[in-house]
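> Would you mind keeping the following structure in view while I ask a few things?
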Amino acid sequence: MGGTWDDLVGSALLGTERRRPTGVVGDAQEAAVGLLDAAAVGVVRRRAGLRPGVAGERPKPVAPDPRPEVPDAARRRLEMMLTEGGRGRQGSAPSLLELLPQWLAAARRRGFALPPALLPALLDTARARTDLRADALAVAGPRALWLAELNPEWKFALRAGSGAVSTAAAAEDAAARERLWEEGLFAERVALLTRLRQSDPAGALALLRSTWRAERAEDRLMFVDALRTGLSPADEPFLEESLADRSRNVRSTAAELLSALPSSALAARMAARARTCVSLGADGITVEAPYECDAAMERDGVAPQPPSGRGERSWWMGQLVDAAPLSVWPGRFRGRTPEQIIALPVLDEWQPDLHAAWCRAAVRQRDRGWARALLGAPSARGGPVAAIGDPAKLLAILPAGERADWVAEFVAVHGLSEAFQMLGVCAVPWSGPLGRAVVDALDIARDGGSYPWSFSGVMGLAERCLDPAAADQVGVLSAAAEEAPNGSPGASAYWSEAFQRLTGTLRLRALMLTELGETAP
Amino acid sequence: METETRWTVDQVLALAPDAASRTAGAKLAQPAPWSGTGAAGTAVWGLCKGSGSKPYQTAVDTRGPAYRCTCPSRKFPCKHALALLLLWAGGADGPIAAAGAAGASAEPEWVEQWTAARRKKEESGAGGAAGADAPRAAGPADPGAARKRADRRAVRVEGGAAELEQRLADLLRGGLAGADTAGHKAFDETAARMVDAQAPGLAARVRELGAIPATGGDWPSRMLEETALLHLLARGFLGREGLPEPLVDTVRARIGFTVDSADLLAGPTVHGQWLVLAQYDTTDDLTTRRIWLHDAAAGRFALVLSFGAAGRAPQLALPVGLVVEAELAYHPSAVPLRAALGAHRASVEAPGTIPPGTAIGPALDAYGAALADDPWLDAWPVLLTDVVPVPGPDRWQLADVAGPDAVPLTGPAPWRLAALSGGHPLTLFAELTPTGARPLTAWSPSSPAPAPTPVLA
């Protein structure tokens with residue numbers, strides 16, 4: 001009987017007209033049948049005689065996870081969220097996927113572990129959604145990192161995740177810290193630096209200085225930026241040196257950080273420059289913008305080239321004022337408070353530029369007094385910064401309670417059309433007054449007869465941020481109402497559906513949190 | 001008061017035909033839309049408010065299980081039946097009280113009628129074919145005519161097998177190298193000839209043959225393997241007079257002769273406590289659901305197939321981990337695996353223990369022995385104890401925890417299995433196939449109460 005399997009395959013490939021396997025006789029047709037007979041014996045022998053292979057290197061077993069697994073109901077909820085996948089919102093049914101971040105955050109707070117079989121699906125989801133990653137990886141635990149080592153598609157988990165895990169260890173142990181700093185991946189090093197800045201800012205700076213000269217420009221930028229955490233006057237010498245860095249981006253970030261340190265030399269230089277630009281006259285504030293951007297200004301981080309459409313003098317002036325310590329101004333304006341300064345008239349239409357610069361300064365220096373003054377009363381008609389500043393950024397500086405109250409009042413007076421970003425910086429779940437204000441405003445919008453999708457942004461936020469306890473209040477609204485007299489046709493039915501959906505989502509959120517053992521706040 | 005065993009929520013959810021139904025059913029599983037719910041014996045029922053004015057009547061018989069709902073859904077079971085079972089799974093203190101308990105409603109007339117009709121059908125079905133099966137045609141067919149039909153078919157299949165032999169010989173005369181460039185058109189034509197010859201099993205194998213060159217790698221070797229097995233099958237049928245009877249049955253089954261389930265169940269059956277090891281669907285023109293059962297006491301495996309038209313889920317669904325007390329009738333074969341499911345009732349006496357398995361070496365030996373009896377065997381069930389999934393550069397392996405033995409895994413990277421293992425040994429139920437082991441169900445080593453977890457990627 002024929003030769004080896006390879007011999008048979010060789011003949012089969014070329015055909016018996018051209019090549020015959022060893023030991024097969026007859027004409028080409030007979031040889032083909034002979035080849036098939038031999039191959040039939042061969043294939044059964046090959047398959048039935050299969051011997052075990054030799055095992056490759058076994059992966060290192062993952063360390064045990066001491067955390068308890070999530071309760072059954074919560075596990076099923078997560079399973080559904082992950083399998084429901086990318087199906088969009090439709091009709092009055094709530095979208096589970098939008099609740100996934102909250103599920104993960106709650107599970108993390110409760111210290112639960114996940115059933116291992118769900119980890120691949122969770123990693124796939126977190127890969128596509130960066131907003132989930134921190135909580136997803138924390139809940140997924142060491143087993144997810146173990147998996148990520150085996151699958152290049154989940155590499156992100158090693159970057160972000162080992163940041164969370166191994167830097168925790170490294171921050172404790174000086175030797176591990178230095179090793180990670182010297183051998184780690186870029187993202188691990190950023191994570192280590194950021195983490196260390198929270199506990200030991202000076203140590204972190206020393207670590208950064210140890211390798212500073214050898215770092216690449218892009219990396220240097222991220223490292224300097226990491227100094228934002230735990231920033232203090234002790235960082236000034238290093239930042240001052242960085243003003244001479246080869247990279248323009250590193251220079252301007254260093255300047256920005258220095259300007260957030262009111263006692264720094266750079267802040268003093270900027271203060272001196274700003275003072276010459278802004279003065280108080282008999283009729284109000286006079287602004288005399290600089291005529292040139294000299295080398296010293298440039299060294300202190302002033303960008304000489306304005307974006308298109310802006311005059312260069314007002315561009316330079318804005319940068320001088322937003323980098324100067326706000327403490328300069330009460331002295332400059334004869335002891336006036338921030339509120340009084342804001343109230344002063346500004347001559348020659350410089351007010352938008354000047355106030356916008358103060359807004360940026362307040363945000364950068366996290367100055368609550370100035371933030372309050374710039375925001376003004378929420379009820380004020382077109383508050384002082386509404387047109388030029390970014391109220392959401394100013395609000396973010398205020399304590400959570402004050403922030404919610406301010407936005408609630410704003411919504412009550414001005415409605416929802418300008419409120420989206422402000423709502424986005426409010427703490428979740430929304431406080432009682434804020435939630436009521438938003439629901440009332442939605443009710444008013446419905447009575448006004450417009451379509452609900454004009455408010456889909458706020459609706460989406462409300463689904464995620466309203467306190468589930470507000471479900472009953474919303475539930476009342478979902479009952480079909482009469483058409484508004486001048487309303488768009490059919491709007492009422494769409495609103496009912498939108499409110500139903502909101503109620504459904506809120507109830508679901510409450511249920512979801514209960515399943516995870518959280519009691520409603 | 002009766003002590004009833006209710007299913008777990010996971011077991012109910014496993015009955016859902018797809019993910020969308022699972023989600024829809026879970027959403028409906030709250031008391032608000034339901035009224036007139038109750039449970040007695042193996043029946044669960046309730047009225048569910050839908051979009052219309054009249055509520056849907058939903059009932060489930062957990063023997064089977066069998067479903068009845070007045071909703072127009074084509075899904076099976078529909079979301080209402082799933083939601084009802086989910087509520088029922090909440091326990092006797094949950095929203096659906098047991099009959100006789102305070103506040104429970106008695107079985108309404110429409111439920112009674114339905115369950116009575118089901119019982120009747122079950123009793124009349126000889127040997128108790130599954131309740132879901134269609135009623136058998138009334139009256140026995142003329143045996144003489146049936147034999148004539150069978151003879152005519154045998155002749156046609158013989159003609160097809162002979163033609164196939166000729167075509168295979170021609171193929172090897174000219175060489176497989178041409179098949180790479182020729183595409184699968186010639187194979188499709190041969191497959192059509194086999195359909196005409198009433199040999200669907202041969203047709204399917206021929207079609208697969210045509211697809212091999214496109215799979216790349218060492219395709220000539222795989223193609224010669226499959227061509228040789230096809231040759232062996234055709235020759236087996238032509239020379240069946242000289243073969244032992246069980247092998248003839250195997251050849252007939254592989255060629256595409258079917259045996260009626262009811263006829264099988266009318267013959268000898270095997271009774272046992274069957275653990276559902278795996279359930280998964282494959283789809284081409286129609287959906288084929290493969291359900292693997294295992295009777296640990298007798299050391300027996302059985303494969304139950306259920307079919308659904310394209311896009312529709314097969315009717316039979318048995319959740320993994322369920323223990324079914326059932327009568328099975330194996331299809332005659334040299335290696336009996338496929339079986340018809342007769343009368344069965346699900347019980348929830350969860351086994352709680354991990355079924356016993358073997359190391360890789362003995363599993364491969366058993367596979368080899370089975371292949372010697374049925375060379376066309378495409379999947380051999382094995383329970384492996386203490387194996388570890390091991391990543392490799394091209395393919396994953398399954399390795400004995402203590403020894404050097406390993407077997408390659410087939411299919412996409414087995415991430416669920418890897419996650420479950422975490423590098424630790426586990427027990428795995430897998431199919432051994434000519435291209436490696438296909439992992440189906442694993443028992444997590446880290447879990448305090450190891451439950452079977454489906455791991456098919």
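Within each chain, counting starts at residue 1; across the structure tokens, chains are named A, B, ... in the order shown, with ligands numbered 1 upward in that order.
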Taking the backbone alone, and naming residues the way the document does, which bits of range 60-227 of chain A are helix (DSSP H, G or I) by DSSP, as a PyMOL selection string?

chain A and resi 72-84+96-110+116-128+130-148+152-172+174-183+186-199+201-214+217-226

> Sort by chain and increasing residue number a table of all residues of chain A within 7 Å of chain B, each with its closest pair of atoms and their distance in Å to one decimal, counting only C-alpha atoms, and write it as a Markdown table.


| residue | atom | partner | partner_atom | distance |
| --- | --- | --- | --- | --- |
| A:Val9 | CA | B:Ser221 | CA | 5.8 |
| A:Ala12 | CA | B:Gly175 | CA | 5.3 |
| A:Leu13 | CA | B:Leu176 | CA | 4.5 |
| A:Leu14 | CA | B:Gly175 | CA | 4.5 |
| A:Gly15 | CA | B:Gly175 | CA | 3.3 |
| A:Thr16 | CA | B:Arg173 | CA | 4.6 |
| A:Glu17 | CA | B:Arg173 | CA | 5.5 |
| A:Ala28 | CA | B:Arg173 | CA | 6.1 |
| A:Gln29 | CA | B:Arg173 | CA | 6.3 |
| A:Ala32 | CA | B:Ala169 | CA | 5.2 |
| A:Val33 | CA | B:Ala169 | CA | 5.7 |
| A:Leu36 | CA | B:Ala228 | CA | 5.3 |
| A:Ala39 | CA | B:Ala228 | CA | 5.5 |
| A:Ala40 | CA | B:Ala228 | CA | 4.6 |
| A:Val43 | CA | B:Glu225 | CA | 5.5 |
| A:Val44 | CA | B:Pro375 | CA | 6.1 |
| A:Arg47 | CA | B:Pro434 | CA | 6.6 |
| A:Ala48 | CA | B:Gly368 | CA | 3.8 |
| A:Gly49 | CA | B:Gly368 | CA | 6.0 |
| A:Pro52 | CA | B:Asp405 | CA | 5.3 |
| A:Gly53 | CA | B:Ala406 | CA | 4.8 |
| A:Val54 | CA | B:Asp405 | CA | 5.3 |
| A:Ala55 | CA | B:Ala406 | CA | 4.8 |
| A:Gly56 | CA | B:Val390 | CA | 6.8 |
| A:Arg58 | CA | B:Val390 | CA | 5.5 |
| A:Pro59 | CA | B:Gly423 | CA | 5.6 |
| A:Lys60 | CA | B:Gly423 | CA | 5.9 |
| A:Pro61 | CA | B:Gly423 | CA | 4.0 |
| A:Val62 | CA | B:Gly422 | CA | 5.3 |
| A:Met80 | CA | B:Thr23 | CA | 6.5 |
| A:Thr83 | CA | B:Ala19 | CA | 6.8 |
| A:Pro116 | CA | B:Leu420 | CA | 5.1 |
| A:Ala117 | CA | B:Arg416 | CA | 5.1 |
| A:Leu119 | CA | B:Ala419 | CA | 6.7 |
| A:Pro120 | CA | B:Trp415 | CA | 6.2 |
| A:Arg143 | CA | B:Gly422 | CA | 6.6 |
| A:Leu147 | CA | B:Ala419 | CA | 6.6 |

> Suppose we keep C-alpha atoms; can you now write the selection as a PDB file, in the first residue's frame?


ATOM      1  CA  VAL A   9      -0.949  14.761  -1.219  1.00  0.00           C
ATOM      2  CA  ALA A  12      -3.314  14.429  -5.569  1.00  0.00           C
ATOM      3  CA  LEU A  13      -2.163  17.966  -6.194  1.00  0.00           C
ATOM      4  CA  LEU A  14      -0.541  17.217  -9.544  1.00  0.00           C
ATOM      5  CA  GLY A  15      -3.013  14.533 -10.656  1.00  0.00           C
ATOM      6  CA  THR A  16      -2.298  10.896 -11.387  1.00  0.00           C
ATOM      7  CA  GLU A  17      -1.852  11.730 -15.056  1.00  0.00           C
ATOM      8  CA  ALA A  28      -4.340   7.181 -14.766  1.00  0.00           C
ATOM      9  CA  GLN A  29      -7.992   6.442 -13.970  1.00  0.00           C
ATOM     10  CA  ALA A  32      -6.782   7.874  -9.206  1.00  0.00           C
ATOM     11  CA  VAL A  33      -9.039   5.299  -7.563  1.00  0.00           C
ATOM     12  CA  LEU A  36      -8.362   7.583  -3.160  1.00  0.00           C
ATOM     13  CA  ALA A  39      -5.912   8.270   1.118  1.00  0.00           C
ATOM     14  CA  ALA A  40      -9.073   6.899   2.772  1.00  0.00           C
ATOM     15  CA  VAL A  43      -7.002   9.881   6.699  1.00  0.00           C
ATOM     16  CA  VAL A  44      -8.618   7.485   9.157  1.00  0.00           C
ATOM     17  CA  ARG A  47      -7.285  11.123  12.625  1.00  0.00           C
ATOM     18  CA  ALA A  48      -7.847   8.043  14.764  1.00  0.00           C
ATOM     19  CA  GLY A  49      -4.182   7.786  15.625  1.00  0.00           C
ATOM     20  CA  PRO A  52      -1.589  14.450  22.218  1.00  0.00           C
ATOM     21  CA  GLY A  53       0.568  17.436  21.354  1.00  0.00           C
ATOM     22  CA  VAL A  54       3.107  18.964  23.667  1.00  0.00           C
ATOM     23  CA  ALA A  55       1.733  21.749  25.795  1.00  0.00           C
ATOM     24  CA  GLY A  56       3.138  25.215  25.311  1.00  0.00           C
ATOM     25  CA  ARG A  58       1.193  27.629  30.579  1.00  0.00           C
ATOM     26  CA  PRO A  59       0.110  31.098  31.621  1.00  0.00           C
ATOM     27  CA  LYS A  60       0.833  32.118  35.174  1.00  0.00           C
ATOM     28  CA  PRO A  61      -2.333  31.564  37.237  1.00  0.00           C
ATOM     29  CA  VAL A  62      -4.109  34.734  38.252  1.00  0.00           C
ATOM     30  CA  MET A  80     -28.090  42.274  29.453  1.00  0.00           C
ATOM     31  CA  THR A  83     -25.362  41.902  25.141  1.00  0.00           C
ATOM     32  CA  PRO A 116     -15.129  35.864  35.066  1.00  0.00           C
ATOM     33  CA  ALA A 117     -17.180  34.822  32.039  1.00  0.00           C
ATOM     34  CA  LEU A 119     -14.951  39.963  31.537  1.00  0.00           C
ATOM     35  CA  PRO A 120     -14.289  39.548  27.791  1.00  0.00           C
ATOM     36  CA  ARG A 143      -8.304  38.895  36.186  1.00  0.00           C
ATOM     37  CA  LEU A 147      -6.622  38.558  30.203  1.00  0.00           C
TER      38      LEU A 147
END

> Just to confirm, what's the straight-line distance from CA of Ala32 in chain B to CA of Pro55 in chain B in Å (one decimal)?

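Straight-line distance from CA of Ala32 in chain B to CA of Pro55 in chain B works out to 12.6 Å.
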
> As an MDAnalysis selection string, please: every residue in range 49-234 of chain A that a backbone DSSP assignment puts in strand (DSSP E or B).

chainID A and resid 53:54 69 90 93 113

> Go ahead and write the selection's residues with N, CA and C atoms as a CSV table (one decimal), in the first residue's frame.


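Resulting contents of again20.csv:
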chain,number,residue,atom,x,y,z
A,53,GLY,N,-0.6,16.6,21.6
A,53,GLY,CA,0.6,17.4,21.4
A,53,GLY,C,1.3,17.8,22.6
A,54,VAL,N,2.4,18.5,22.5
A,54,VAL,CA,3.1,19.0,23.7
A,54,VAL,C,2.6,20.3,24.1
A,69,GLU,N,-18.6,38.2,44.7
A,69,GLU,CA,-19.1,38.5,43.3
A,69,GLU,C,-20.4,39.2,43.5
A,90,GLN,N,-34.9,53.9,21.3
A,90,GLN,CA,-36.1,53.9,20.4
A,90,GLN,C,-37.3,53.9,21.3
A,93,ALA,N,-38.7,52.9,25.4
A,93,ALA,CA,-37.9,51.9,26.1
A,93,ALA,C,-36.6,52.5,26.5
A,113,ALA,N,-16.8,42.0,42.8
A,113,ALA,CA,-16.1,41.5,41.7
A,113,ALA,C,-17.1,40.9,40.7

> Applying 6 Å and only C-alpha atoms, which residues near Val276 in chain B remain after dropping the ones on its own chain fewer than 5 positions away? List them as a PyMOL selection string.

chain B and resi 293+320-322

> Grab the residues selected above and save them as an mmCIF file, in the first residue's frame with C-alpha atoms.


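Ended up saving to out_37.cif:
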data_model
loop_
_atom_site.group_PDB
_atom_site.id
_atom_site.type_symbol
_atom_site.label_atom_id
_atom_site.label_comp_id
_atom_site.auth_asym_id
_atom_site.auth_seq_id
_atom_site.Cartn_x
_atom_site.Cartn_y
_atom_site.Cartn_z
ATOM 1 C CA LEU B 293 -26.969 15.404 27.173
ATOM 2 C CA VAL B 320 -27.414 24.176 30.325
ATOM 3 C CA GLY B 321 -27.247 22.754 33.829
ATOM 4 C CA LEU B 322 -30.797 21.462 33.797
#

> To one decimal place in Å, what is the distance between CA of Ala40 in chain B and CA of Ala97 in chain B?

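Between CA of Ala40 in chain B and CA of Ala97 in chain B the gap is 9.1 Å.
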